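A.B. asks: Next comes protein_32.pdb, PDB, N, CA and C atoms, pLDDT in the B column:
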ATOM      1  N   MET A 377      -8.177  -0.576  -9.804  1.00 94.00           N
ATOM      2  CA  MET A 377      -8.669  -0.062  -8.536  1.00 94.00           C
ATOM      3  C   MET A 377      -7.505  -0.023  -7.539  1.00 94.00           C
ATOM      4  N   ASN A 378      -7.457   1.039  -6.753  1.00 97.00           N
ATOM      5  CA  ASN A 378      -6.434   1.171  -5.723  1.00 97.00           C
ATOM      6  C   ASN A 378      -6.661   0.149  -4.616  1.00 97.00           C
ATOM      7  N   ARG A 379      -5.543  -0.299  -4.014  1.00 98.00           N
ATOM      8  CA  ARG A 379      -5.596  -1.241  -2.913  1.00 98.00           C
ATOM      9  C   ARG A 379      -4.884  -0.649  -1.711  1.00 98.00           C
ATOM     10  N   VAL A 380      -5.588  -0.582  -0.597  1.00 98.00           N
ATOM     11  CA  VAL A 380      -5.019  -0.118   0.662  1.00 98.00           C
ATOM     12  C   VAL A 380      -4.895  -1.321   1.587  1.00 98.00           C
ATOM     13  N   THR A 381      -3.725  -1.458   2.189  1.00 98.00           N
ATOM     14  CA  THR A 381      -3.487  -2.531   3.147  1.00 98.00           C
ATOM     15  C   THR A 381      -3.106  -1.894   4.480  1.00 98.00           C
ATOM     16  N   LEU A 382      -3.777  -2.320   5.535  1.00 98.00           N
ATOM     17  CA  LEU A 382      -3.491  -1.849   6.885  1.00 98.00           C
ATOM     18  C   LEU A 382      -2.936  -3.008   7.687  1.00 98.00           C
ATOM     19  N   TYR A 383      -1.711  -2.852   8.182  1.00 98.00           N
ATOM     20  CA  TYR A 383      -1.107  -3.827   9.093  1.00 98.00           C
ATOM     21  C   TYR A 383      -1.416  -3.368  10.509  1.00 98.00           C
ATOM     22  N   THR A 384      -1.999  -4.268  11.288  1.00 98.00           N
ATOM     23  CA  THR A 384      -2.519  -3.911  12.602  1.00 98.00           C
ATOM     24  C   THR A 384      -2.406  -5.094  13.551  1.00 98.00           C
ATOM     25  N   LYS A 385      -2.843  -4.908  14.781  1.00 97.00           N
ATOM     26  CA  LYS A 385      -3.001  -6.012  15.733  1.00 97.00           C
ATOM     27  C   LYS A 385      -4.054  -5.587  16.749  1.00 97.00           C
ATOM     28  N   PRO A 386      -4.621  -6.544  17.474  1.00 96.00           N
ATOM     29  CA  PRO A 386      -5.645  -6.219  18.464  1.00 96.00           C
ATOM     30  C   PRO A 386      -5.116  -5.289  19.555  1.00 96.00           C
ATOM     31  N   ASP A 387      -6.018  -4.480  20.081  1.00 95.00           N
ATOM     32  CA  ASP A 387      -5.726  -3.573  21.197  1.00 95.00           C
ATOM     33  C   ASP A 387      -4.647  -2.546  20.877  1.00 95.00           C
ATOM     34  N   CYS A 388      -4.576  -2.128  19.641  1.00 96.00           N
ATOM     35  CA  CYS A 388      -3.623  -1.099  19.214  1.00 96.00           C
ATOM     36  C   CYS A 388      -4.418   0.185  18.962  1.00 96.00           C
ATOM     37  N   HIS A 389      -4.277   1.153  19.845  1.00 96.00           N
ATOM     38  CA  HIS A 389      -5.083   2.370  19.745  1.00 96.00           C
ATOM     39  C   HIS A 389      -4.714   3.200  18.508  1.00 96.00           C
ATOM     40  N   LEU A 390      -3.454   3.256  18.169  1.00 97.00           N
ATOM     41  CA  LEU A 390      -3.069   3.966  16.943  1.00 97.00           C
ATOM     42  C   LEU A 390      -3.674   3.280  15.719  1.00 97.00           C
ATOM     43  N   CYS A 391      -3.703   1.961  15.752  1.00 97.00           N
ATOM     44  CA  CYS A 391      -4.283   1.200  14.634  1.00 97.00           C
ATOM     45  C   CYS A 391      -5.770   1.506  14.473  1.00 97.00           C
ATOM     46  N   GLU A 392      -6.461   1.565  15.593  1.00 97.00           N
ATOM     47  CA  GLU A 392      -7.893   1.868  15.561  1.00 97.00           C
ATOM     48  C   GLU A 392      -8.146   3.244  14.966  1.00 97.00           C
ATOM     49  N   ALA A 393      -7.330   4.213  15.321  1.00 98.00           N
ATOM     50  CA  ALA A 393      -7.494   5.565  14.784  1.00 98.00           C
ATOM     51  C   ALA A 393      -7.255   5.587  13.278  1.00 98.00           C
ATOM     52  N   VAL A 394      -6.230   4.900  12.830  1.00 98.00           N
ATOM     53  CA  VAL A 394      -5.938   4.861  11.394  1.00 98.00           C
ATOM     54  C   VAL A 394      -7.037   4.110  10.653  1.00 98.00           C
ATOM     55  N   GLU A 395      -7.539   3.040  11.232  1.00 98.00           N
ATOM     56  CA  GLU A 395      -8.629   2.295  10.597  1.00 98.00           C
ATOM     57  C   GLU A 395      -9.873   3.180  10.444  1.00 98.00           C
ATOM     58  N   GLN A 396     -10.150   4.021  11.419  1.00 98.00           N
ATOM     59  CA  GLN A 396     -11.286   4.945  11.319  1.00 98.00           C
ATOM     60  C   GLN A 396     -11.072   5.962  10.203  1.00 98.00           C
ATOM     61  N   VAL A 397      -9.859   6.453  10.070  1.00 98.00           N
ATOM     62  CA  VAL A 397      -9.537   7.385   8.976  1.00 98.00           C
ATOM     63  C   VAL A 397      -9.772   6.705   7.636  1.00 98.00           C
ATOM     64  N   ILE A 398      -9.278   5.490   7.498  1.00 98.00           N
ATOM     65  CA  ILE A 398      -9.438   4.750   6.242  1.00 98.00           C
ATOM     66  C   ILE A 398     -10.916   4.535   5.940  1.00 98.00           C
ATOM     67  N   ALA A 399     -11.703   4.152   6.929  1.00 98.00           N
ATOM     68  CA  ALA A 399     -13.140   3.922   6.732  1.00 98.00           C
ATOM     69  C   ALA A 399     -13.837   5.194   6.278  1.00 98.00           C
ATOM     70  N   LYS A 400     -13.472   6.315   6.871  1.00 97.00           N
ATOM     71  CA  LYS A 400     -14.101   7.579   6.480  1.00 97.00           C
ATOM     72  C   LYS A 400     -13.761   7.932   5.033  1.00 97.00           C
ATOM     73  N   VAL A 401     -12.501   7.769   4.673  1.00 98.00           N
ATOM     74  CA  VAL A 401     -12.091   8.065   3.298  1.00 98.00           C
ATOM     75  C   VAL A 401     -12.752   7.093   2.329  1.00 98.00           C
ATOM     76  N   GLN A 402     -12.900   5.845   2.731  1.00 97.00           N
ATOM     77  CA  GLN A 402     -13.530   4.851   1.863  1.00 97.00           C
ATOM     78  C   GLN A 402     -14.998   5.178   1.607  1.00 97.00           C
ATOM     79  N   SER A 403     -15.618   5.956   2.467  1.00 94.00           N
ATOM     80  CA  SER A 403     -16.996   6.376   2.220  1.00 94.00           C
ATOM     81  C   SER A 403     -17.055   7.451   1.128  1.00 94.00           C
ATOM     82  N   GLU A 404     -15.912   8.059   0.820  1.00 92.00           N
ATOM     83  CA  GLU A 404     -15.843   9.093  -0.213  1.00 92.00           C
ATOM     84  C   GLU A 404     -15.247   8.589  -1.525  1.00 92.00           C
ATOM     85  N   LEU A 405     -14.282   7.691  -1.431  1.00 94.00           N
ATOM     86  CA  LEU A 405     -13.604   7.152  -2.605  1.00 94.00           C
ATOM     87  C   LEU A 405     -13.634   5.632  -2.554  1.00 94.00           C
ATOM     88  N   THR A 406     -13.699   5.018  -3.709  1.00 94.00           N
ATOM     89  CA  THR A 406     -13.726   3.569  -3.784  1.00 94.00           C
ATOM     90  C   THR A 406     -12.310   3.024  -3.884  1.00 94.00           C
ATOM     91  N   PHE A 407     -11.997   2.072  -3.026  1.00 97.00           N
ATOM     92  CA  PHE A 407     -10.738   1.343  -3.106  1.00 97.00           C
ATOM     93  C   PHE A 407     -10.896   0.026  -2.362  1.00 97.00           C
ATOM     94  N   GLU A 408     -10.040  -0.912  -2.679  1.00 98.00           N
ATOM     95  CA  GLU A 408     -10.032  -2.212  -2.024  1.00 98.00           C
ATOM     96  C   GLU A 408      -9.248  -2.083  -0.724  1.00 98.00           C
ATOM     97  N   LEU A 409      -9.777  -2.627   0.361  1.00 98.00           N
ATOM     98  CA  LEU A 409      -9.123  -2.554   1.662  1.00 98.00           C
ATOM     99  C   LEU A 409      -8.858  -3.954   2.187  1.00 98.00           C
ATOM    100  N   THR A 410      -7.615  -4.171   2.604  1.00 98.00           N
ATOM    101  CA  THR A 410      -7.223  -5.410   3.270  1.00 98.00           C
ATOM    102  C   THR A 410      -6.659  -5.043   4.630  1.00 98.00           C
ATOM    103  N   ILE A 411      -7.175  -5.694   5.667  1.00 98.00           N
ATOM    104  CA  ILE A 411      -6.669  -5.480   7.020  1.00 98.00           C
ATOM    105  C   ILE A 411      -5.955  -6.756   7.437  1.00 98.00           C
ATOM    106  N   ARG A 412      -4.669  -6.621   7.768  1.00 98.00           N
ATOM    107  CA  ARG A 412      -3.856  -7.771   8.133  1.00 98.00           C
ATOM    108  C   ARG A 412      -3.418  -7.673   9.584  1.00 98.00           C
ATOM    109  N   ASN A 413      -3.835  -8.660  10.360  1.00 98.00           N
ATOM    110  CA  ASN A 413      -3.424  -8.775  11.753  1.00 98.00           C
ATOM    111  C   ASN A 413      -2.025  -9.396  11.759  1.00 98.00           C
ATOM    112  N   ILE A 414      -1.038  -8.651  12.206  1.00 98.00           N
ATOM    113  CA  ILE A 414       0.337  -9.151  12.150  1.00 98.00           C
ATOM    114  C   ILE A 414       0.555 -10.368  13.043  1.00 98.00           C
ATOM    115  N   LEU A 415      -0.318 -10.600  14.007  1.00 97.00           N
ATOM    116  CA  LEU A 415      -0.177 -11.764  14.879  1.00 97.00           C
ATOM    117  C   LEU A 415      -0.552 -13.057  14.162  1.00 97.00           C
ATOM    118  N   GLU A 416      -1.242 -12.948  13.040  1.00 97.00           N
ATOM    119  CA  GLU A 416      -1.675 -14.120  12.279  1.00 97.00           C
ATOM    120  C   GLU A 416      -0.711 -14.486  11.151  1.00 97.00           C
ATOM    121  N   HIS A 417       0.291 -13.653  10.915  1.00 96.00           N
ATOM    122  CA  HIS A 417       1.212 -13.855   9.798  1.00 96.00           C
ATOM    123  C   HIS A 417       2.640 -13.654  10.298  1.00 96.00           C
ATOM    124  N   PRO A 418       3.415 -14.725  10.460  1.00 97.00           N
ATOM    125  CA  PRO A 418       4.769 -14.596  11.017  1.00 97.00           C
ATOM    126  C   PRO A 418       5.664 -13.590  10.275  1.00 97.00           C
ATOM    127  N   ASN A 419       5.586 -13.538   8.970  1.00 96.00           N
ATOM    128  CA  ASN A 419       6.412 -12.580   8.222  1.00 96.00           C
ATOM    129  C   ASN A 419       5.993 -11.145   8.522  1.00 96.00           C
ATOM    130  N   ASP A 420       4.690 -10.914   8.608  1.00 96.00           N
ATOM    131  CA  ASP A 420       4.202  -9.574   8.942  1.00 96.00           C
ATOM    132  C   ASP A 420       4.665  -9.187  10.346  1.00 96.00           C
ATOM    133  N   PHE A 421       4.587 -10.129  11.270  1.00 97.00           N
ATOM    134  CA  PHE A 421       5.018  -9.850  12.639  1.00 97.00           C
ATOM    135  C   PHE A 421       6.501  -9.492  12.668  1.00 97.00           C
ATOM    136  N   ALA A 422       7.308 -10.251  11.945  1.00 96.00           N
ATOM    137  CA  ALA A 422       8.749  -9.977  11.898  1.00 96.00           C
ATOM    138  C   ALA A 422       9.033  -8.597  11.317  1.00 96.00           C
ATOM    139  N   ASN A 423       8.264  -8.206  10.307  1.00 95.00           N
ATOM    140  CA  ASN A 423       8.490  -6.923   9.636  1.00 95.00           C
ATOM    141  C   ASN A 423       7.944  -5.726  10.397  1.00 95.00           C
ATOM    142  N   TYR A 424       6.821  -5.898  11.097  1.00 95.00           N
ATOM    143  CA  TYR A 424       6.095  -4.746  11.623  1.00 95.00           C
ATOM    144  C   TYR A 424       5.831  -4.768  13.126  1.00 95.00           C
ATOM    145  N   GLN A 425       6.417  -5.679  13.877  1.00 93.00           N
ATOM    146  CA  GLN A 425       6.049  -5.824  15.283  1.00 93.00           C
ATOM    147  C   GLN A 425       6.208  -4.543  16.090  1.00 93.00           C
ATOM    148  N   GLN A 426       7.147  -3.687  15.755  1.00 91.00           N
ATOM    149  CA  GLN A 426       7.362  -2.441  16.488  1.00 91.00           C
ATOM    150  C   GLN A 426       6.943  -1.208  15.686  1.00 91.00           C
ATOM    151  N   ALA A 427       6.226  -1.400  14.584  1.00 94.00           N
ATOM    152  CA  ALA A 427       5.995  -0.282  13.671  1.00 94.00           C
ATOM    153  C   ALA A 427       4.544  -0.037  13.308  1.00 94.00           C
ATOM    154  N   ILE A 428       3.608  -0.708  13.923  1.00 96.00           N
ATOM    155  CA  ILE A 428       2.231  -0.578  13.474  1.00 96.00           C
ATOM    156  C   ILE A 428       1.553   0.654  14.058  1.00 96.00           C
ATOM    157  N   PRO A 429       0.540   1.131  13.394  1.00 98.00           N
ATOM    158  CA  PRO A 429       0.013   0.653  12.130  1.00 98.00           C
ATOM    159  C   PRO A 429       0.888   1.088  10.953  1.00 98.00           C
ATOM    160  N   VAL A 430       0.858   0.259   9.928  1.00 98.00           N
ATOM    161  CA  VAL A 430       1.523   0.575   8.669  1.00 98.00           C
ATOM    162  C   VAL A 430       0.463   0.503   7.588  1.00 98.00           C
ATOM    163  N   VAL A 431       0.472   1.496   6.688  1.00 98.00           N
ATOM    164  CA  VAL A 431      -0.496   1.552   5.604  1.00 98.00           C
ATOM    165  C   VAL A 431       0.251   1.514   4.281  1.00 98.00           C
ATOM    166  N   LEU A 432      -0.194   0.604   3.409  1.00 98.00           N
ATOM    167  CA  LEU A 432       0.352   0.510   2.061  1.00 98.00           C
ATOM    168  C   LEU A 432      -0.724   0.902   1.074  1.00 98.00           C
ATOM    169  N   LEU A 433      -0.325   1.577   0.023  1.00 98.00           N
ATOM    170  CA  LEU A 433      -1.209   1.883  -1.098  1.00 98.00           C
ATOM    171  C   LEU A 433      -0.587   1.238  -2.315  1.00 98.00           C
ATOM    172  N   ASN A 434      -1.294   0.276  -2.877  1.00 98.00           N
ATOM    173  CA  ASN A 434      -0.783  -0.456  -4.038  1.00 98.00           C
ATOM    174  C   ASN A 434       0.612  -1.003  -3.766  1.00 98.00           C
ATOM    175  N   GLU A 435       0.770  -1.599  -2.579  1.00 97.00           N
ATOM    176  CA  GLU A 435       2.006  -2.274  -2.158  1.00 97.00           C
ATOM    177  C   GLU A 435       3.160  -1.333  -1.816  1.00 97.00           C
ATOM    178  N   VAL A 436       2.907  -0.028  -1.737  1.00 97.00           N
ATOM    179  CA  VAL A 436       3.934   0.951  -1.379  1.00 97.00           C
ATOM    180  C   VAL A 436       3.541   1.587  -0.044  1.00 97.00           C
ATOM    181  N   GLU A 437       4.469   1.567   0.910  1.00 97.00           N
ATOM    182  CA  GLU A 437       4.172   2.146   2.217  1.00 97.00           C
ATOM    183  C   GLU A 437       3.950   3.650   2.094  1.00 97.00           C
ATOM    184  N   ILE A 438       2.823   4.108   2.654  1.00 98.00           N
ATOM    185  CA  ILE A 438       2.518   5.541   2.629  1.00 98.00           C
ATOM    186  C   ILE A 438       2.406   6.132   4.027  1.00 98.00           C
ATOM    187  N   ALA A 439       2.309   5.277   5.055  1.00 98.00           N
ATOM    188  CA  ALA A 439       2.178   5.809   6.416  1.00 98.00           C
ATOM    189  C   ALA A 439       2.609   4.766   7.428  1.00 98.00           C
ATOM    190  N   ARG A 440       3.096   5.287   8.544  1.00 97.00           N
ATOM    191  CA  ARG A 440       3.489   4.457   9.682  1.00 97.00           C
ATOM    192  C   ARG A 440       3.095   5.234  10.935  1.00 97.00           C
ATOM    193  N   TYR A 441       2.410   4.595  11.833  1.00 97.00           N
ATOM    194  CA  TYR A 441       1.964   5.149  13.121  1.00 97.00           C
ATOM    195  C   TYR A 441       0.728   6.046  13.017  1.00 97.00           C
ATOM    196  N   ARG A 442       0.716   6.998  12.078  1.00 97.00           N
ATOM    197  CA  ARG A 442      -0.422   7.926  11.965  1.00 97.00           C
ATOM    198  C   ARG A 442      -0.734   8.192  10.500  1.00 97.00           C
ATOM    199  N   LEU A 443      -2.001   8.546  10.252  1.00 98.00           N
ATOM    200  CA  LEU A 443      -2.446   8.882   8.903  1.00 98.00           C
ATOM    201  C   LEU A 443      -3.653   9.792   9.018  1.00 98.00           C
ATOM    202  N   SER A 444      -3.618  10.901   8.304  1.00 98.00           N
ATOM    203  CA  SER A 444      -4.766  11.808   8.316  1.00 98.00           C
ATOM    204  C   SER A 444      -5.630  11.557   7.085  1.00 98.00           C
ATOM    205  N   GLU A 445      -6.859  12.011   7.174  1.00 97.00           N
ATOM    206  CA  GLU A 445      -7.766  11.890   6.027  1.00 97.00           C
ATOM    207  C   GLU A 445      -7.185  12.585   4.804  1.00 97.00           C
ATOM    208  N   SER A 446      -6.685  13.789   4.998  1.00 97.00           N
ATOM    209  CA  SER A 446      -6.156  14.546   3.849  1.00 97.00           C
ATOM    210  C   SER A 446      -4.950  13.849   3.234  1.00 97.00           C
ATOM    211  N   GLU A 447      -4.097  13.242   4.052  1.00 97.00           N
ATOM    212  CA  GLU A 447      -2.940  12.518   3.512  1.00 97.00           C
ATOM    213  C   GLU A 447      -3.396  11.344   2.647  1.00 97.00           C
ATOM    214  N   LEU A 448      -4.344  10.573   3.154  1.00 98.00           N
ATOM    215  CA  LEU A 448      -4.827   9.421   2.389  1.00 98.00           C
ATOM    216  C   LEU A 448      -5.546   9.867   1.118  1.00 98.00           C
ATOM    217  N   LEU A 449      -6.408  10.863   1.233  1.00 96.00           N
ATOM    218  CA  LEU A 449      -7.114  11.368   0.046  1.00 96.00           C
ATOM    219  C   LEU A 449      -6.127  11.849  -1.010  1.00 96.00           C
ATOM    220  N   ASP A 450      -5.120  12.595  -0.609  1.00 96.00           N
ATOM    221  CA  ASP A 450      -4.126  13.100  -1.557  1.00 96.00           C
ATOM    222  C   ASP A 450      -3.415  11.950  -2.257  1.00 96.00           C
ATOM    223  N   ARG A 451      -3.004  10.943  -1.498  1.00 96.00           N
ATOM    224  CA  ARG A 451      -2.284   9.815  -2.087  1.00 96.00           C
ATOM    225  C   ARG A 451      -3.170   9.032  -3.044  1.00 96.00           C
ATOM    226  N   LEU A 452      -4.432   8.832  -2.671  1.00 96.00           N
ATOM    227  CA  LEU A 452      -5.349   8.109  -3.548  1.00 96.00           C
ATOM    228  C   LEU A 452      -5.627   8.883  -4.836  1.00 96.00           C
ATOM    229  N   ARG A 453      -5.730  10.166  -4.745  1.00 91.00           N
ATOM    230  CA  ARG A 453      -6.012  10.986  -5.931  1.00 91.00           C
ATOM    231  C   ARG A 453      -4.816  11.082  -6.856  1.00 91.00           C
ATOM    232  N   GLU A 454      -3.619  10.874  -6.336  1.00 88.00           N
ATOM    233  CA  GLU A 454      -2.408  10.873  -7.159  1.00 88.00           C
ATOM    234  C   GLU A 454      -2.374   9.667  -8.088  1.00 88.00           C
ATOM    235  N   LYS A 455      -2.989   8.575  -7.684  1.00 71.00           N
ATOM    236  CA  LYS A 455      -2.900   7.318  -8.426  1.00 71.00           C
ATOM    237  C   LYS A 455      -3.846   7.253  -9.592  1.00 71.00           C
TER     238      LYS A 455
END
Let me see the structure of the file written as structure tokens.

C.D. replies:
Amino acid sequence: MNRVTLYTKPDCHLCEAVEQVIAKVQSELTFELTIRNILEHPNDFANYQQAIPVVLLNEVEIARYRLSESELLDRLREK
């Protein structure tokens, strides 16, 4: 099963938009979703403090800042 990881933090409007895209796609395709608040993980904060949201698919970064439904669907269907 594919795994999508979203690196985010509270009050991040870009993060909220990407999370909505992921939720919509998840209603069409099955995949495991992990949402990681970078404020709760020092390593995540060090890596992504100026770059969120970041989306990984099976541990490979596929998006930073923005993600469209079609982009996510295409990447998931490739796997």

A.B. asks: I'd like to know which residues of chain A are alpha helix (DSSP H) (by DSSP, run on the backbone); could you write them as a ChimeraX atom specification?

C.D. replies: /A:389-402,418-424,445-454

A.B. asks: Name the residues that the PyMOL selection byres ((chain A and resi 413) around 7) pulls out of this structure, and write them as a PDB file with N, CA and C atoms, keeping the file's coordinate frame.

C.D. replies:
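Contents of expr-v7.pdb, freshly written:
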ATOM      1  N   LEU A 382      -3.777  -2.320   5.535  1.00 98.00           N
ATOM      2  CA  LEU A 382      -3.491  -1.849   6.885  1.00 98.00           C
ATOM      3  C   LEU A 382      -2.936  -3.008   7.687  1.00 98.00           C
ATOM      4  N   TYR A 383      -1.711  -2.852   8.182  1.00 98.00           N
ATOM      5  CA  TYR A 383      -1.107  -3.827   9.093  1.00 98.00           C
ATOM      6  C   TYR A 383      -1.416  -3.368  10.509  1.00 98.00           C
ATOM      7  N   THR A 384      -1.999  -4.268  11.288  1.00 98.00           N
ATOM      8  CA  THR A 384      -2.519  -3.911  12.602  1.00 98.00           C
ATOM      9  C   THR A 384      -2.406  -5.094  13.551  1.00 98.00           C
ATOM     10  N   LYS A 385      -2.843  -4.908  14.781  1.00 97.00           N
ATOM     11  CA  LYS A 385      -3.001  -6.012  15.733  1.00 97.00           C
ATOM     12  C   LYS A 385      -4.054  -5.587  16.749  1.00 97.00           C
ATOM     13  N   PRO A 386      -4.621  -6.544  17.474  1.00 96.00           N
ATOM     14  CA  PRO A 386      -5.645  -6.219  18.464  1.00 96.00           C
ATOM     15  C   PRO A 386      -5.116  -5.289  19.555  1.00 96.00           C
ATOM     16  N   ILE A 411      -7.175  -5.694   5.667  1.00 98.00           N
ATOM     17  CA  ILE A 411      -6.669  -5.480   7.020  1.00 98.00           C
ATOM     18  C   ILE A 411      -5.955  -6.756   7.437  1.00 98.00           C
ATOM     19  N   ARG A 412      -4.669  -6.621   7.768  1.00 98.00           N
ATOM     20  CA  ARG A 412      -3.856  -7.771   8.133  1.00 98.00           C
ATOM     21  C   ARG A 412      -3.418  -7.673   9.584  1.00 98.00           C
ATOM     22  N   ILE A 414      -1.038  -8.651  12.206  1.00 98.00           N
ATOM     23  CA  ILE A 414       0.337  -9.151  12.150  1.00 98.00           C
ATOM     24  C   ILE A 414       0.555 -10.368  13.043  1.00 98.00           C
ATOM     25  N   LEU A 415      -0.318 -10.600  14.007  1.00 97.00           N
ATOM     26  CA  LEU A 415      -0.177 -11.764  14.879  1.00 97.00           C
ATOM     27  C   LEU A 415      -0.552 -13.057  14.162  1.00 97.00           C
ATOM     28  N   GLU A 416      -1.242 -12.948  13.040  1.00 97.00           N
ATOM     29  CA  GLU A 416      -1.675 -14.120  12.279  1.00 97.00           C
ATOM     30  C   GLU A 416      -0.711 -14.486  11.151  1.00 97.00           C
ATOM     31  N   HIS A 417       0.291 -13.653  10.915  1.00 96.00           N
ATOM     32  CA  HIS A 417       1.212 -13.855   9.798  1.00 96.00           C
ATOM     33  C   HIS A 417       2.640 -13.654  10.298  1.00 96.00           C
ATOM     34  N   ASP A 420       4.690 -10.914   8.608  1.00 96.00           N
ATOM     35  CA  ASP A 420       4.202  -9.574   8.942  1.00 96.00           C
ATOM     36  C   ASP A 420       4.665  -9.187  10.346  1.00 96.00           C
ATOM     37  N   PHE A 421       4.587 -10.129  11.270  1.00 97.00           N
ATOM     38  CA  PHE A 421       5.018  -9.850  12.639  1.00 97.00           C
ATOM     39  C   PHE A 421       6.501  -9.492  12.668  1.00 97.00           C
TER      40      PHE A 421
END

A.B. asks: Using all atoms listed in the file, which protein or nucleic acid residues come within 8 Å of Ile398 of chain A? Drop anything in the same chain fewer than 4 positions from it, and give the result as a PyMOL selection string.

C.D. replies: chain A and resi 392-394+402-404+443-445+448

A.B. asks: Those residues you just picked out, can you put them in a file as an mmCIF file, keeping the file's coordinate frame with N, CA and C atoms?

C.D. replies:
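Written output follows (result_28.cif):
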data_model
loop_
_atom_site.group_PDB
_atom_site.id
_atom_site.type_symbol
_atom_site.label_atom_id
_atom_site.label_comp_id
_atom_site.auth_asym_id
_atom_site.auth_seq_id
_atom_site.Cartn_x
_atom_site.Cartn_y
_atom_site.Cartn_z
ATOM 1 N N GLU A 392 -6.461 1.565 15.593
ATOM 2 C CA GLU A 392 -7.893 1.868 15.561
ATOM 3 C C GLU A 392 -8.146 3.244 14.966
ATOM 4 N N ALA A 393 -7.330 4.213 15.321
ATOM 5 C CA ALA A 393 -7.494 5.565 14.784
ATOM 6 C C ALA A 393 -7.255 5.587 13.278
ATOM 7 N N VAL A 394 -6.230 4.900 12.830
ATOM 8 C CA VAL A 394 -5.938 4.861 11.394
ATOM 9 C C VAL A 394 -7.037 4.110 10.653
ATOM 10 N N GLN A 402 -12.900 5.845 2.731
ATOM 11 C CA GLN A 402 -13.530 4.851 1.863
ATOM 12 C C GLN A 402 -14.998 5.178 1.607
ATOM 13 N N SER A 403 -15.618 5.956 2.467
ATOM 14 C CA SER A 403 -16.996 6.376 2.220
ATOM 15 C C SER A 403 -17.055 7.451 1.128
ATOM 16 N N GLU A 404 -15.912 8.059 0.820
ATOM 17 C CA GLU A 404 -15.843 9.093 -0.213
ATOM 18 C C GLU A 404 -15.247 8.589 -1.525
ATOM 19 N N LEU A 443 -2.001 8.546 10.252
ATOM 20 C CA LEU A 443 -2.446 8.882 8.903
ATOM 21 C C LEU A 443 -3.653 9.792 9.018
ATOM 22 N N SER A 444 -3.618 10.901 8.304
ATOM 23 C CA SER A 444 -4.766 11.808 8.316
ATOM 24 C C SER A 444 -5.630 11.557 7.085
ATOM 25 N N GLU A 445 -6.859 12.011 7.174
ATOM 26 C CA GLU A 445 -7.766 11.890 6.027
ATOM 27 C C GLU A 445 -7.185 12.585 4.804
ATOM 28 N N LEU A 448 -4.344 10.573 3.154
ATOM 29 C CA LEU A 448 -4.827 9.421 2.389
ATOM 30 C C LEU A 448 -5.546 9.867 1.118
#

A.B. asks: Figure out the distance between atom C of His389 of chain A and atom C of Leu405 of chain A, please, to one decimal in Å.

C.D. replies: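 Separating atom C of Leu405 of chain A from atom C of His389 of chain A is a distance of 23.0 Å.
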
A.B. asks: One decimal, Å: what's the distance from atom CA of Ile438 of chain A over to atom N of Val380 of chain A, could you say?

C.D. replies: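 Taking atom CA of Ile438 of chain A as the start and atom N of Val380 of chain A as the end point, the length is 10.7 Å.
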
A.B. asks: Please, what distance in Å, to one decimal, runs between atom CA of Val401 of chain A and atom N of Arg451 of chain A?

C.D. replies: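 Atom-to-atom, atom CA of Val401 of chain A to atom N of Arg451 of chain A, that is 10.7 Å.
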
A.B. asks: Excluding Leu390 of chain A and its own-chain neighbours fewer than 2 positions away, which residues fall within 7 Å of it when counting all atoms listed in the file? Please give them as a PDB file with N, CA and C atoms, in the frame of the given file.

C.D. replies:
ATOM      1  N   ASP A 387      -6.018  -4.480  20.081  1.00 95.00           N
ATOM      2  CA  ASP A 387      -5.726  -3.573  21.197  1.00 95.00           C
ATOM      3  C   ASP A 387      -4.647  -2.546  20.877  1.00 95.00           C
ATOM      4  N   CYS A 388      -4.576  -2.128  19.641  1.00 96.00           N
ATOM      5  CA  CYS A 388      -3.623  -1.099  19.214  1.00 96.00           C
ATOM      6  C   CYS A 388      -4.418   0.185  18.962  1.00 96.00           C
ATOM      7  N   GLU A 392      -6.461   1.565  15.593  1.00 97.00           N
ATOM      8  CA  GLU A 392      -7.893   1.868  15.561  1.00 97.00           C
ATOM      9  C   GLU A 392      -8.146   3.244  14.966  1.00 97.00           C
ATOM     10  N   ALA A 393      -7.330   4.213  15.321  1.00 98.00           N
ATOM     11  CA  ALA A 393      -7.494   5.565  14.784  1.00 98.00           C
ATOM     12  C   ALA A 393      -7.255   5.587  13.278  1.00 98.00           C
ATOM     13  N   VAL A 394      -6.230   4.900  12.830  1.00 98.00           N
ATOM     14  CA  VAL A 394      -5.938   4.861  11.394  1.00 98.00           C
ATOM     15  C   VAL A 394      -7.037   4.110  10.653  1.00 98.00           C
ATOM     16  N   GLU A 395      -7.539   3.040  11.232  1.00 98.00           N
ATOM     17  CA  GLU A 395      -8.629   2.295  10.597  1.00 98.00           C
ATOM     18  C   GLU A 395      -9.873   3.180  10.444  1.00 98.00           C
ATOM     19  N   ILE A 428       3.608  -0.708  13.923  1.00 96.00           N
ATOM     20  CA  ILE A 428       2.231  -0.578  13.474  1.00 96.00           C
ATOM     21  C   ILE A 428       1.553   0.654  14.058  1.00 96.00           C
ATOM     22  N   PRO A 429       0.540   1.131  13.394  1.00 98.00           N
ATOM     23  CA  PRO A 429       0.013   0.653  12.130  1.00 98.00           C
ATOM     24  C   PRO A 429       0.888   1.088  10.953  1.00 98.00           C
ATOM     25  N   TYR A 441       2.410   4.595  11.833  1.00 97.00           N
ATOM     26  CA  TYR A 441       1.964   5.149  13.121  1.00 97.00           C
ATOM     27  C   TYR A 441       0.728   6.046  13.017  1.00 97.00           C
ATOM     28  N   ARG A 442       0.716   6.998  12.078  1.00 97.00           N
ATOM     29  CA  ARG A 442      -0.422   7.926  11.965  1.00 97.00           C
ATOM     30  C   ARG A 442      -0.734   8.192  10.500  1.00 97.00           C
TER      31      ARG A 442
END

A.B. asks: Determine, counting all atoms listed in the file, which protein, DNA and RNA residues have an atom within 6 Å of an atom of Arg379 of chain A; residues of the same chain fewer than 6 positions away are not included. Present the result as a PyMOL selection string.

C.D. replies: chain A and resi 407-409+432-435

A.B. asks: A:Val397, A:Met377, A:Val431, A:Leu452: which is nearest Thr410 of chain A, counting only C-alpha atoms?

C.D. replies: A:Val431

A.B. asks: From the DSSP assignment of the backbone, select every residue of chain A that is strand (DSSP E), and format the answer as JSON, numbers by chain.

C.D. replies: {"A": [379, 380, 381, 382, 383, 384, 408, 409, 410, 411, 412, 413, 430, 431, 432, 433, 436, 437, 438, 439, 440]}
